[in-house]
Amino acid sequence: MEAESEPYVRLATLRTLHRVVADLNAARSLAGTLQAVVEGAVHGLGFDAAAVSLVRPDGDLVVAAVWELEESPMGGPSVLLGQVGSRESWDRLLGVSDHWGTLRFLPYDRGWAVASDIPRWIGDSPLPVYANDWHPADGLLAPMYSAGGDLLGVLSVDRPRSGKRPGAWTREALEMFSLQASIAIGNARLRAEMQRALARLEKEQQALRASEESFRQAFEYAPSGMAITELHGAGRGQLTRVNDALCRLLGRPRAVLRQQSFADLVHPEDRALLERTSAESGRAELRLSRRDGGYQWVCLRNSIVADAAEGPSFLLTHVEDIEDRKRHEFQLAHRASHDALTGLPNGAELKSRLARRLCAQPQPVGTAAAGPAEAGIPAPYGYPVDTYSAHAAHEGLEGADPYAAAVHGYGLPDVGPPGIGPGYGEHVHAVVPADQGPGGEAWSAPFRTGAAAALDKGLAVLFCDLDGFKSINDRFGHNAGDAVLVEVARRLSQAVRDGDTVARLGGDEFVVLADGIGREEAKDLAHRLRNAIIPPMRIDGRAMRVGVSLGVGWAGCGMSIEEVLHTADERMYDEKRARGGAVRGARGERSHRRAG
C-alpha cells in the first residue's frame, strides 16, 4: 500500500485492488473463494498474514483458510487451520475491540479479551518503538455479514508490511474488500446450491417432478435475481421466467418482465457487451433499466440447462446487484484521477488522456488523418471525458472487436460494414497545424479542402501559470489561496468548449487540451482564458486578483507526453519573461509556490 499520508490513492494501488476483487469473483467454489480472500488481503492490502474464520452450521467459527507472505518457522499461522472457536467467545472479542468503522481493532494491552478457545498465533515480529507501531499481539478483524445481516465469518489480518497500525486509506480499503469478500462467499454458497440443483435436473430424469420442485424453490427463493431465457424459436432471447428478487431489483412486475428480453432492458452503451456474452458460463457487468427510468448495475452469469436427449433447453441467468461495488469503484477511480481541491483532472489523468490521443507513429508530412468519417462511418473519436465514465461505458470491452460475431442467448450476431476491418475507428492521427505561408497568407484559406484543410487543425496544449498567486498565499493564507484556485478552475472550465480538458498539474499550474482547432482559434481560446481569470474575485469579503501567463503548444503523434508539456511550459515561460514577470528562483525553479 502507499504511504498513509498521501491524499488519494495511486493508480497502481487502485488497479491492484480491482484485480484482487476480480479474483474473488472468478473463484468457482467456496474453498477457492476463501483462499482468494486471504491471498487478496495479503497481496492487495499490504499485510503479511491473513486468516478467515467461517461460521459453521452450529454457530461456532472454524479457521477455513490461511495465507502468509513468507512461511514462518514453527509452522506459522497455518497451524490454525481447522481450529474452532465458540461463537460466544468471538462475540465477546468483537464487542470489546475498538470500532474502526465496520472493522474491529484489538490492541495488545487488551489481550485478556481473547478467550482460550479462540485460535490465535503471535509471530516473532519486533516490539513497537513508537505509539503508532504495530505490536505482535495487536489484532485487526473484519467481520463479514450476509445481505440479511447474519455473520458469515471474520477476516483477520496481521503484521502490516509498513510496520505501522493501518491508516485511514488502508482501513477504508480493508472495509471495502471485506464487503466484497462477504458477497463473494455468499455467491459461492449460492452457486454451490444452484449447481447441485442443476445436477439433479440432469441426472434424475425419472424423478422429474421432484427435481423441478427443488429447482423451483432454489430459483424463486434465491436472494439475488434469477431469470430463464428462451434459446430457440421465435421467442429466442425472451424472458420466460423471473423470480421475485429480480422483480424487486428492477421495480417491474413479473408479467411485464416476461414480455421483455435483456436486450430490451440493457443500457444502450452496454448492448454490444450483452450480445457478446457467451451463453455458456458467460459473465458480464452492465446496466439494466429500472421502472423509475434509472439504471441498475448488475452482474449477469449464464448457465445452459440442457436436456440429455434434445440438447440445450434454456438459459439460466443469475443477476447479482453490484450497484454498491460499482459506486465504490467509480469513487476510487475519480479520487485517483482528479484533483482533490478543484475536482479537475490531475496530472496523471492529463497524461493518460494525452497518451490515449497520441500514438508513436508520426503523421507523414502533407497527409491528413484518416478516420471514421473518411470511411463513411459516423463514429466519434478522441479520449473519454473522464475516467470513470469511460470505465462505465466500456466495462469489459478492452480489446474487443466491435464487429466480431458471437454465440449468445440475447440476439443475433452483429455484422460489420463490408470492406471495413476491425478497429477502423480506433485512432485518428494528431498533427501540428500548418503555419502561415511564405508570403504571409494563411494556409487555412477558405478554398483549401480535404487533406490540406485537415492540416490546419490540431490538438492545442495551453499551459497556464497564475501571476501574483504567491502574494495571496503569503498575505491571506492557504485557505484564501485554495479558494482562489477553486475559482480559477471554475472560470477556466466555463471558458473552454464542451469536450475540452481543463486539468490542474498542481500548485497554480493548469493545462487545457483543445482538440480540432487551428492556430488562430488557439489564440482566441488563450485570449478567452486570460479574460476569464483577470477579473477580480471576492474571497472572504476581500477582492483579490491574479494574472496568468499562457503558453500555447501543440501535440502531434510521434511526440512524447513530456515533450508536449515541456514545449507548452517553455512557451508560457517565454511569455512571462517577455512581460517582465518573476519566473525563476535562485536555483532555477519557478518562484511561485503551491497552495497547501
# chains A, B, ... in the order shown; residues from 1 in each chain; ligands from 1

$ select_by_dssp --residues "segment 150-358 of chain A" --states "alpha helix (DSSP H)" --output "PyMOL selection string"
chain A and resi 168-203+208-220+244-250+254-257+262-265+271-275+323-337+347-357

$ closest_atom_pairs --of "segment 172-279 of chain A" --to "segment 41-44 of chain A" --cutoff "12 Å" --atoms "only C-alpha atoms" --output "tab-separated table"
residue	atom	partner	partner_atom	distance
A:Ala173	CA	A:Gly44	CA	9.4
A:Leu174	CA	A:Ala41	CA	7.8
A:Glu175	CA	A:Ala41	CA	11.0
A:Met176	CA	A:Ala41	CA	11.3
A:Phe177	CA	A:Ala41	CA	7.9
A:Ser178	CA	A:Ala41	CA	9.0
A:Gln180	CA	A:Ala41	CA	11.6
A:Ala181	CA	A:Ala41	CA	9.9

$ closest_residue --among "A:Val52, A:Ala113, A:Ala197, A:Leu190" --to "Pro143 of chain A" --atoms "only C-alpha atoms"
A:Val52

$ closest_residue --among "A:Val564, A:Leu358, A:Leu286, A:Ala222" --to "Val428 of chain A" --atoms "only C-alpha atoms"
A:Leu358

$ residues_around --residues "Leu462 of chain A" --least-positions-apart "2" --cutoff "8 Å" --atoms "only C-alpha atoms" --output "PyMOL selection string"
chain A and resi 460+464+511-513+526+550-553+568

$ atom_distance --atom1 "atom CA of Lys457 of chain A" --atom2 "atom CA of Arg530 of chain A"
22.0 Å

$ select_by_dssp --residues "segment 51-252 of chain A" --states "strand (DSSP E)" --output "MDAnalysis selection string"
chainID A and resid 51:55 61:68 84:85 98:100 103:106 139:145 151:160 225:230 239:242

$ closest_atom_pairs --of "segment 30-60 of chain A" --to "segment 67-72 of chain A" --cutoff "10 Å" --atoms "only C-alpha atoms" --output "JSON lines"
{"residue": "A:Gln35", "atom": "CA", "partner": "A:Trp67", "partner_atom": "CA", "distance": 7.7}
{"residue": "A:Ala36", "atom": "CA", "partner": "A:Trp67", "partner_atom": "CA", "distance": 9.5}
{"residue": "A:Val37", "atom": "CA", "partner": "A:Trp67", "partner_atom": "CA", "distance": 9.3}
{"residue": "A:Val38", "atom": "CA", "partner": "A:Trp67", "partner_atom": "CA", "distance": 5.6}
{"residue": "A:Glu39", "atom": "CA", "partner": "A:Trp67", "partner_atom": "CA", "distance": 5.9}
{"residue": "A:Gly40", "atom": "CA", "partner": "A:Trp67", "partner_atom": "CA", "distance": 9.3}
{"residue": "A:Ala41", "atom": "CA", "partner": "A:Trp67", "partner_atom": "CA", "distance": 8.9}
{"residue": "A:Val42", "atom": "CA", "partner": "A:Leu69", "partner_atom": "CA", "distance": 6.6}
{"residue": "A:His43", "atom": "CA", "partner": "A:Leu69", "partner_atom": "CA", "distance": 7.8}
{"residue": "A:Gly46", "atom": "CA", "partner": "A:Leu69", "partner_atom": "CA", "distance": 9.7}
{"residue": "A:Phe47", "atom": "CA", "partner": "A:Leu69", "partner_atom": "CA", "distance": 8.0}
{"residue": "A:Asp48", "atom": "CA", "partner": "A:Leu69", "partner_atom": "CA", "distance": 5.1}
{"residue": "A:Ala49", "atom": "CA", "partner": "A:Glu68", "partner_atom": "CA", "distance": 4.3}
{"residue": "A:Ala50", "atom": "CA", "partner": "A:Trp67", "partner_atom": "CA", "distance": 5.5}
{"residue": "A:Ala51", "atom": "CA", "partner": "A:Trp67", "partner_atom": "CA", "distance": 6.4}
{"residue": "A:Val52", "atom": "CA", "partner": "A:Trp67", "partner_atom": "CA", "distance": 9.3}

$ atom_distance --atom1 "atom CA of Ile183 of chain A" --atom2 "atom CA of Asp91 of chain A"
21.3 Å
